[in-house]
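As stored in query_6.pdb (PDB, C-alpha atoms):
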```
ATOM      1  CA  MET A   1      42.977 -44.042  25.359  1.00  0.00           C
ATOM      2  CA  PRO A   2      46.521 -43.964  26.723  1.00  0.00           C
ATOM      3  CA  TRP A   3      49.444 -43.247  24.422  1.00  0.00           C
ATOM      4  CA  ASN A   4      50.382 -46.951  24.223  1.00  0.00           C
ATOM      5  CA  ALA A   5      46.834 -47.822  23.087  1.00  0.00           C
ATOM      6  CA  LEU A   6      47.343 -45.898  19.857  1.00  0.00           C
ATOM      7  CA  HIS A   7      48.420 -47.908  16.849  1.00  0.00           C
ATOM      8  CA  THR A   8      52.094 -47.525  16.014  1.00  0.00           C
ATOM      9  CA  SER A   9      51.259 -45.586  12.843  1.00  0.00           C
ATOM     10  CA  ASP A  10      49.081 -43.176  14.860  1.00  0.00           C
ATOM     11  CA  ARG A  11      51.841 -42.629  17.403  1.00  0.00           C
ATOM     12  CA  LEU A  12      54.377 -41.898  14.685  1.00  0.00           C
ATOM     13  CA  LEU A  13      52.047 -39.556  12.809  1.00  0.00           C
ATOM     14  CA  LEU A  14      51.051 -37.644  15.917  1.00  0.00           C
ATOM     15  CA  SER A  15      54.499 -37.499  17.474  1.00  0.00           C
ATOM     16  CA  HIS A  16      55.899 -35.700  14.417  1.00  0.00           C
ATOM     17  CA  LYS A  17      53.035 -33.249  13.952  1.00  0.00           C
ATOM     18  CA  LEU A  18      51.780 -32.319  17.390  1.00  0.00           C
ATOM     19  CA  HIS A  19      53.537 -30.979  20.427  1.00  0.00           C
ATOM     20  CA  TYR A  20      51.065 -31.776  23.158  1.00  0.00           C
ATOM     21  CA  ARG A  21      50.545 -31.659  26.850  1.00  0.00           C
ATOM     22  CA  ASP A  22      47.769 -34.259  27.023  1.00  0.00           C
ATOM     23  CA  LEU A  23      47.228 -36.080  23.714  1.00  0.00           C
ATOM     24  CA  ARG A  24      44.134 -38.021  24.711  1.00  0.00           C
ATOM     25  CA  ARG A  25      42.421 -34.949  26.082  1.00  0.00           C
ATOM     26  CA  PHE A  26      43.371 -32.931  23.006  1.00  0.00           C
ATOM     27  CA  LEU A  27      41.935 -35.528  20.623  1.00  0.00           C
ATOM     28  CA  ASP A  28      38.749 -35.771  22.716  1.00  0.00           C
ATOM     29  CA  GLN A  29      38.350 -32.015  22.634  1.00  0.00           C
ATOM     30  CA  LEU A  30      39.024 -31.866  18.903  1.00  0.00           C
ATOM     31  CA  GLN A  31      36.264 -34.449  18.427  1.00  0.00           C
ATOM     32  CA  TRP A  32      33.956 -32.434  20.705  1.00  0.00           C
ATOM     33  CA  SER A  33      34.774 -29.284  18.729  1.00  0.00           C
ATOM     34  CA  LEU A  34      33.867 -30.940  15.439  1.00  0.00           C
ATOM     35  CA  GLU A  35      30.569 -32.139  16.864  1.00  0.00           C
ATOM     36  CA  HIS A  36      29.848 -28.723  18.350  1.00  0.00           C
ATOM     37  CA  ALA A  37      30.577 -26.872  15.106  1.00  0.00           C
ATOM     38  CA  SER A  38      28.444 -29.335  13.156  1.00  0.00           C
ATOM     39  CA  GLY A  39      25.629 -29.025  15.715  1.00  0.00           C
ATOM     40  CA  SER A  40      25.861 -25.238  15.575  1.00  0.00           C
ATOM     41  CA  VAL A  41      25.533 -25.326  11.791  1.00  0.00           C
ATOM     42  CA  ARG A  42      22.345 -27.349  12.213  1.00  0.00           C
ATOM     43  CA  LEU A  43      21.061 -25.054  14.946  1.00  0.00           C
ATOM     44  CA  TYR A  44      21.664 -21.841  12.985  1.00  0.00           C
ATOM     45  CA  ALA A  45      20.130 -23.355   9.850  1.00  0.00           C
ATOM     46  CA  GLU A  46      16.984 -24.255  11.799  1.00  0.00           C
ATOM     47  CA  LEU A  47      16.938 -20.893  13.564  1.00  0.00           C
ATOM     48  CA  LEU A  48      17.143 -19.113  10.208  1.00  0.00           C
ATOM     49  CA  LYS A  49      13.783 -20.654   9.300  1.00  0.00           C
ATOM     50  CA  LEU A  50      12.192 -18.895  12.303  1.00  0.00           C
ATOM     51  CA  THR A  51      13.783 -15.456  12.019  1.00  0.00           C
ATOM     52  CA  PRO A  52      11.327 -12.574  12.261  1.00  0.00           C
ATOM     53  CA  GLY A  53      13.151 -10.242   9.855  1.00  0.00           C
ATOM     54  CA  ASP A  54      15.894  -9.618   7.340  1.00  0.00           C
ATOM     55  CA  GLU A  55      18.322  -8.075   9.834  1.00  0.00           C
ATOM     56  CA  GLU A  56      18.069 -11.113  12.102  1.00  0.00           C
ATOM     57  CA  ALA A  57      18.420 -13.455   9.121  1.00  0.00           C
ATOM     58  CA  PHE A  58      21.553 -11.596   7.972  1.00  0.00           C
ATOM     59  CA  GLU A  59      23.175 -11.949  11.412  1.00  0.00           C
ATOM     60  CA  LEU A  60      22.265 -15.628  11.751  1.00  0.00           C
ATOM     61  CA  GLU A  61      23.587 -16.356   8.258  1.00  0.00           C
ATOM     62  CA  ARG A  62      26.870 -14.714   9.285  1.00  0.00           C
ATOM     63  CA  LEU A  63      27.029 -16.912  12.410  1.00  0.00           C
ATOM     64  CA  LEU A  64      26.214 -19.981  10.317  1.00  0.00           C
ATOM     65  CA  GLN A  65      29.076 -19.209   7.923  1.00  0.00           C
ATOM     66  CA  GLN A  66      31.482 -18.758  10.838  1.00  0.00           C
ATOM     67  CA  GLU A  67      30.569 -22.218  12.130  1.00  0.00           C
ATOM     68  CA  VAL A  68      31.015 -23.737   8.668  1.00  0.00           C
ATOM     69  CA  LYS A  69      34.500 -22.156   8.579  1.00  0.00           C
ATOM     70  CA  HIS A  70      35.332 -23.494  12.067  1.00  0.00           C
ATOM     71  CA  TYR A  71      34.213 -26.972  11.105  1.00  0.00           C
ATOM     72  CA  ALA A  72      36.337 -26.923   7.937  1.00  0.00           C
ATOM     73  CA  LEU A  73      39.452 -25.798   9.838  1.00  0.00           C
ATOM     74  CA  MET A  74      38.988 -28.406  12.554  1.00  0.00           C
ATOM     75  CA  GLU A  75      38.240 -31.142  10.044  1.00  0.00           C
ATOM     76  CA  GLU A  76      41.446 -30.257   8.177  1.00  0.00           C
ATOM     77  CA  LEU A  77      43.359 -30.431  11.451  1.00  0.00           C
ATOM     78  CA  TYR A  78      41.780 -33.793  12.306  1.00  0.00           C
ATOM     79  CA  LEU A  79      42.634 -35.186   8.866  1.00  0.00           C
ATOM     80  CA  GLU A  80      46.216 -33.998   9.204  1.00  0.00           C
ATOM     81  CA  LEU A  81      46.637 -35.439  12.690  1.00  0.00           C
ATOM     82  CA  LYS A  82      44.722 -38.706  12.363  1.00  0.00           C
ATOM     83  CA  GLY A  83      44.929 -39.384   8.626  1.00  0.00           C
ATOM     84  CA  SER A  84      41.211 -40.143   8.334  1.00  0.00           C
ATOM     85  CA  GLU A  85      37.830 -38.434   8.164  1.00  0.00           C
ATOM     86  CA  PRO A  86      36.241 -37.751  11.560  1.00  0.00           C
ATOM     87  CA  ASP A  87      33.057 -39.521  12.600  1.00  0.00           C
ATOM     88  CA  VAL A  88      30.807 -36.690  13.723  1.00  0.00           C
ATOM     89  CA  TYR A  89      27.540 -37.071  15.610  1.00  0.00           C
ATOM     90  CA  PRO A  90      26.188 -33.562  16.222  1.00  0.00           C
ATOM     91  CA  ALA A  91      23.365 -32.870  18.617  1.00  0.00           C
ATOM     92  CA  VAL A  92      19.983 -32.343  17.020  1.00  0.00           C
ATOM     93  CA  PRO A  93      18.561 -28.889  17.812  1.00  0.00           C
ATOM     94  CA  ARG A  94      15.482 -29.088  20.045  1.00  0.00           C
ATOM     95  CA  PHE A  95      13.487 -25.898  20.023  1.00  0.00           C
ATOM     96  CA  THR A  96      10.182 -24.779  18.605  1.00  0.00           C
ATOM     97  CA  THR A  97      10.350 -20.997  18.878  1.00  0.00           C
ATOM     98  CA  TYR A  98      12.821 -18.363  17.784  1.00  0.00           C
ATOM     99  CA  ARG A  99      13.422 -17.343  21.406  1.00  0.00           C
ATOM    100  CA  GLU A 100      14.098 -20.937  22.493  1.00  0.00           C
ATOM    101  CA  GLY A 101      16.506 -21.331  19.577  1.00  0.00           C
ATOM    102  CA  LEU A 102      18.403 -18.199  20.579  1.00  0.00           C
ATOM    103  CA  GLN A 103      18.599 -19.422  24.162  1.00  0.00           C
ATOM    104  CA  GLU A 104      19.930 -22.795  23.010  1.00  0.00           C
ATOM    105  CA  ALA A 105      22.504 -21.047  20.803  1.00  0.00           C
ATOM    106  CA  VAL A 106      23.648 -18.899  23.762  1.00  0.00           C
ATOM    107  CA  ARG A 107      24.069 -21.999  25.915  1.00  0.00           C
ATOM    108  CA  MET A 108      26.031 -23.786  23.195  1.00  0.00           C
ATOM    109  CA  GLU A 109      28.309 -20.810  22.506  1.00  0.00           C
ATOM    110  CA  ARG A 110      29.125 -20.312  26.189  1.00  0.00           C
ATOM    111  CA  GLU A 111      30.103 -23.969  26.471  1.00  0.00           C
ATOM    112  CA  ALA A 112      32.132 -23.781  23.243  1.00  0.00           C
ATOM    113  CA  ILE A 113      34.126 -20.746  24.361  1.00  0.00           C
ATOM    114  CA  ARG A 114      35.228 -22.618  27.492  1.00  0.00           C
ATOM    115  CA  GLN A 115      36.081 -25.774  25.517  1.00  0.00           C
ATOM    116  CA  TYR A 116      38.003 -23.846  22.843  1.00  0.00           C
ATOM    117  CA  ARG A 117      39.974 -22.028  25.540  1.00  0.00           C
ATOM    118  CA  ASP A 118      40.900 -25.310  27.204  1.00  0.00           C
ATOM    119  CA  THR A 119      41.842 -26.902  23.874  1.00  0.00           C
ATOM    120  CA  TYR A 120      43.923 -23.845  22.965  1.00  0.00           C
ATOM    121  CA  LEU A 121      45.899 -24.303  26.169  1.00  0.00           C
ATOM    122  CA  LEU A 122      46.687 -27.981  25.516  1.00  0.00           C
ATOM    123  CA  THR A 123      49.375 -27.382  22.903  1.00  0.00           C
ATOM    124  CA  PRO A 124      52.150 -24.935  22.141  1.00  0.00           C
ATOM    125  CA  SER A 125      51.643 -25.576  18.385  1.00  0.00           C
ATOM    126  CA  PRO A 126      50.982 -22.152  16.786  1.00  0.00           C
ATOM    127  CA  ARG A 127      48.854 -23.640  14.004  1.00  0.00           C
ATOM    128  CA  ILE A 128      46.572 -25.518  16.380  1.00  0.00           C
ATOM    129  CA  ARG A 129      46.393 -22.563  18.735  1.00  0.00           C
ATOM    130  CA  ASP A 130      45.403 -20.314  15.807  1.00  0.00           C
ATOM    131  CA  VAL A 131      42.470 -22.581  14.894  1.00  0.00           C
ATOM    132  CA  PHE A 132      41.145 -22.631  18.439  1.00  0.00           C
ATOM    133  CA  PHE A 133      41.845 -18.962  19.115  1.00  0.00           C
ATOM    134  CA  LEU A 134      39.831 -18.064  16.007  1.00  0.00           C
ATOM    135  CA  ALA A 135      36.953 -20.301  17.128  1.00  0.00           C
ATOM    136  CA  MET A 136      37.109 -18.877  20.660  1.00  0.00           C
ATOM    137  CA  SER A 137      37.186 -15.230  19.548  1.00  0.00           C
ATOM    138  CA  ASP A 138      34.430 -15.812  16.976  1.00  0.00           C
ATOM    139  CA  GLY A 139      32.453 -17.491  19.766  1.00  0.00           C
ATOM    140  CA  VAL A 140      32.629 -14.292  21.804  1.00  0.00           C
ATOM    141  CA  ASP A 141      31.360 -12.338  18.774  1.00  0.00           C
ATOM    142  CA  GLN A 142      28.611 -14.922  18.244  1.00  0.00           C
ATOM    143  CA  LEU A 143      27.580 -14.710  21.878  1.00  0.00           C
ATOM    144  CA  ALA A 144      27.336 -10.900  21.694  1.00  0.00           C
ATOM    145  CA  THR A 145      25.299 -11.152  18.495  1.00  0.00           C
ATOM    146  CA  LEU A 146      22.938 -13.673  20.076  1.00  0.00           C
ATOM    147  CA  PHE A 147      22.439 -11.430  23.109  1.00  0.00           C
ATOM    148  CA  LEU A 148      21.610  -8.505  20.816  1.00  0.00           C
ATOM    149  CA  LEU A 149      19.144 -10.641  18.867  1.00  0.00           C
ATOM    150  CA  THR A 150      17.534 -11.755  22.131  1.00  0.00           C
ATOM    151  CA  GLN A 151      17.054  -8.104  23.120  1.00  0.00           C
ATOM    152  CA  GLN A 152      15.221  -7.378  19.858  1.00  0.00           C
ATOM    153  CA  ILE A 153      12.452  -9.893  20.521  1.00  0.00           C
TER     154      ILE A 153
END
```
Go through the file and emit its structure as structure tokens.
Amino acid sequence: MPWNALHTSDRLLLSHKLHYRDLRRFLDQLQWSLEHASGSVRLYAELLKLTPGDEEAFELERLLQQEVKHYALMEELYLELKGSEPDVYPAVPRFTTYREGLQEAVRMEREAIRQYRDTYLLTPSPRIRDVFFLAMSDGVDQLATLFLLTQQI
């Protein structure tokens, strides 16, 4: 959607609140980030049902809460920038075993880290950069945790 395809009210709202390098790409990546965080919440909730022990459950609950926090921050940003609730269509987790779930989570986190990095680089806005830097750095922690959980199987 090119800049001129936005409604006048959207252009005015965004032009005052967001310094951007590529507005369309930024909004697409914000939408992707919301869907990813929502999908990760679903994935970790399903994975929690398959955990073999309390230590694993504790770690997965921590990862789940991080994703809930990321979603809330990104939703707040979306509301501020667009003035409406986002329409989110998260992927449905597709795994049957704990190991498969961990592997899916690793794949999703690797993809998210790259997307969050790219989104972080799209704007000089400190507030937006903070949201995506937090998600990116938490993603690295999540990835390390998932690798450790995979080693315990």
Would you list the contacts of Thr97 in chain A as a ChimeraX atom specification, taking every protein, DNA or RNA residue within 10 Å and counting all atoms listed in the file, but skipping same-chain residues closer than 6 positions in sequence? /A:47,50-51,103
Separation of CA of Tyr78 in chain A from CA of Gln31 in chain A in Å: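 These two atoms are separated by 8.3 Å.
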So, with only C-alpha atoms as the atoms that count, which of A:Asp22, A:Glu56, A:Glu46, A:Glu35 lies closest to Gln151 in chain A? A:Glu56
With a distance cut-off of 12 Å and only C-alpha atoms, select the neighbouring residues of range 112-129 of chain A, excluding the residue or stretch itself and same-chain residues fewer than 6 positions from it, and output the selection as an mmCIF file with C-alpha atoms, keeping the file's coordinate frame.
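File produced: selection32.cif:
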```
data_model
loop_
_atom_site.group_PDB
_atom_site.id
_atom_site.type_symbol
_atom_site.label_atom_id
_atom_site.label_comp_id
_atom_site.auth_asym_id
_atom_site.auth_seq_id
_atom_site.Cartn_x
_atom_site.Cartn_y
_atom_site.Cartn_z
ATOM 1 C CA HIS A 16 55.899 -35.700 14.417
ATOM 2 C CA LYS A 17 53.035 -33.249 13.952
ATOM 3 C CA LEU A 18 51.780 -32.319 17.390
ATOM 4 C CA HIS A 19 53.537 -30.979 20.427
ATOM 5 C CA TYR A 20 51.065 -31.776 23.158
ATOM 6 C CA ARG A 21 50.545 -31.659 26.850
ATOM 7 C CA ASP A 22 47.769 -34.259 27.023
ATOM 8 C CA LEU A 23 47.228 -36.080 23.714
ATOM 9 C CA ARG A 24 44.134 -38.021 24.711
ATOM 10 C CA ARG A 25 42.421 -34.949 26.082
ATOM 11 C CA PHE A 26 43.371 -32.931 23.006
ATOM 12 C CA LEU A 27 41.935 -35.528 20.623
ATOM 13 C CA ASP A 28 38.749 -35.771 22.716
ATOM 14 C CA GLN A 29 38.350 -32.015 22.634
ATOM 15 C CA LEU A 30 39.024 -31.866 18.903
ATOM 16 C CA GLN A 31 36.264 -34.449 18.427
ATOM 17 C CA TRP A 32 33.956 -32.434 20.705
ATOM 18 C CA SER A 33 34.774 -29.284 18.729
ATOM 19 C CA LEU A 34 33.867 -30.940 15.439
ATOM 20 C CA GLU A 35 30.569 -32.139 16.864
ATOM 21 C CA HIS A 36 29.848 -28.723 18.350
ATOM 22 C CA ALA A 37 30.577 -26.872 15.106
ATOM 23 C CA GLY A 39 25.629 -29.025 15.715
ATOM 24 C CA SER A 40 25.861 -25.238 15.575
ATOM 25 C CA GLU A 67 30.569 -22.218 12.130
ATOM 26 C CA HIS A 70 35.332 -23.494 12.067
ATOM 27 C CA LEU A 73 39.452 -25.798 9.838
ATOM 28 C CA MET A 74 38.988 -28.406 12.554
ATOM 29 C CA GLU A 75 38.240 -31.142 10.044
ATOM 30 C CA GLU A 76 41.446 -30.257 8.177
ATOM 31 C CA LEU A 77 43.359 -30.431 11.451
ATOM 32 C CA TYR A 78 41.780 -33.793 12.306
ATOM 33 C CA GLU A 80 46.216 -33.998 9.204
ATOM 34 C CA LEU A 81 46.637 -35.439 12.690
ATOM 35 C CA ALA A 105 22.504 -21.047 20.803
ATOM 36 C CA VAL A 106 23.648 -18.899 23.762
ATOM 37 C CA ALA A 135 36.953 -20.301 17.128
ATOM 38 C CA MET A 136 37.109 -18.877 20.660
ATOM 39 C CA SER A 137 37.186 -15.230 19.548
ATOM 40 C CA ASP A 138 34.430 -15.812 16.976
ATOM 41 C CA GLY A 139 32.453 -17.491 19.766
ATOM 42 C CA VAL A 140 32.629 -14.292 21.804
ATOM 43 C CA ASP A 141 31.360 -12.338 18.774
ATOM 44 C CA GLN A 142 28.611 -14.922 18.244
ATOM 45 C CA LEU A 143 27.580 -14.710 21.878
#
```
Contact residues around Gln152 in chain A with only C-alpha atoms at 12 Å, ignoring same-chain residues under 4 positions, as a PDB file with C-alpha atoms, in the frame of the given file:
```pdb
ATOM      1  CA  THR A  51      13.783 -15.456  12.019  1.00  0.00           C
ATOM      2  CA  PRO A  52      11.327 -12.574  12.261  1.00  0.00           C
ATOM      3  CA  GLY A  53      13.151 -10.242   9.855  1.00  0.00           C
ATOM      4  CA  GLU A  55      18.322  -8.075   9.834  1.00  0.00           C
ATOM      5  CA  GLU A  56      18.069 -11.113  12.102  1.00  0.00           C
ATOM      6  CA  TYR A  98      12.821 -18.363  17.784  1.00  0.00           C
ATOM      7  CA  ARG A  99      13.422 -17.343  21.406  1.00  0.00           C
ATOM      8  CA  LEU A 102      18.403 -18.199  20.579  1.00  0.00           C
ATOM      9  CA  THR A 145      25.299 -11.152  18.495  1.00  0.00           C
ATOM     10  CA  LEU A 146      22.938 -13.673  20.076  1.00  0.00           C
ATOM     11  CA  PHE A 147      22.439 -11.430  23.109  1.00  0.00           C
ATOM     12  CA  LEU A 148      21.610  -8.505  20.816  1.00  0.00           C
TER      13      LEU A 148
END
```
Centre and edge lengths, as lines of an AutoDock Vina configuration file, for the axis-aligned box enclosing every listed atom of range 119-122 of chain A with 3 Å of padding on each of the six sides, in Å to one decimal?
```
center_x = 44.3
center_y = -25.9
center_z = 24.6
size_x = 10.8
size_y = 10.1
size_z = 9.2
```
Which residue of A:Thr150, A:Glu111, A:Pro93, A:Leu48 approaches Leu64 in chain A most closely, using all atoms listed in the file: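 Of the candidates, the smallest distance to Leu64 in chain A is held by A:Leu48.
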Pick from A:Val88, A:Met108, A:Val41, A:Ile153: nearest to Leu63 in chain A, with only C-alpha atoms counted?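 Residue with the minimum atom-to-atom distance to Leu63 in chain A: A:Val41.
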Quote the spacing between CA of Ser38 in chain A and CA of Ala91 in chain A in Å to one decimal place.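 Separation between CA of Ser38 in chain A and CA of Ala91 in chain A: 8.3 Å.
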Interatomic distance (Å, one decimal) between CA of Gly101 in chain A and CA of Leu43 in chain A: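 Pair CA of Gly101 in chain A / CA of Leu43 in chain A returns 7.5 Å.
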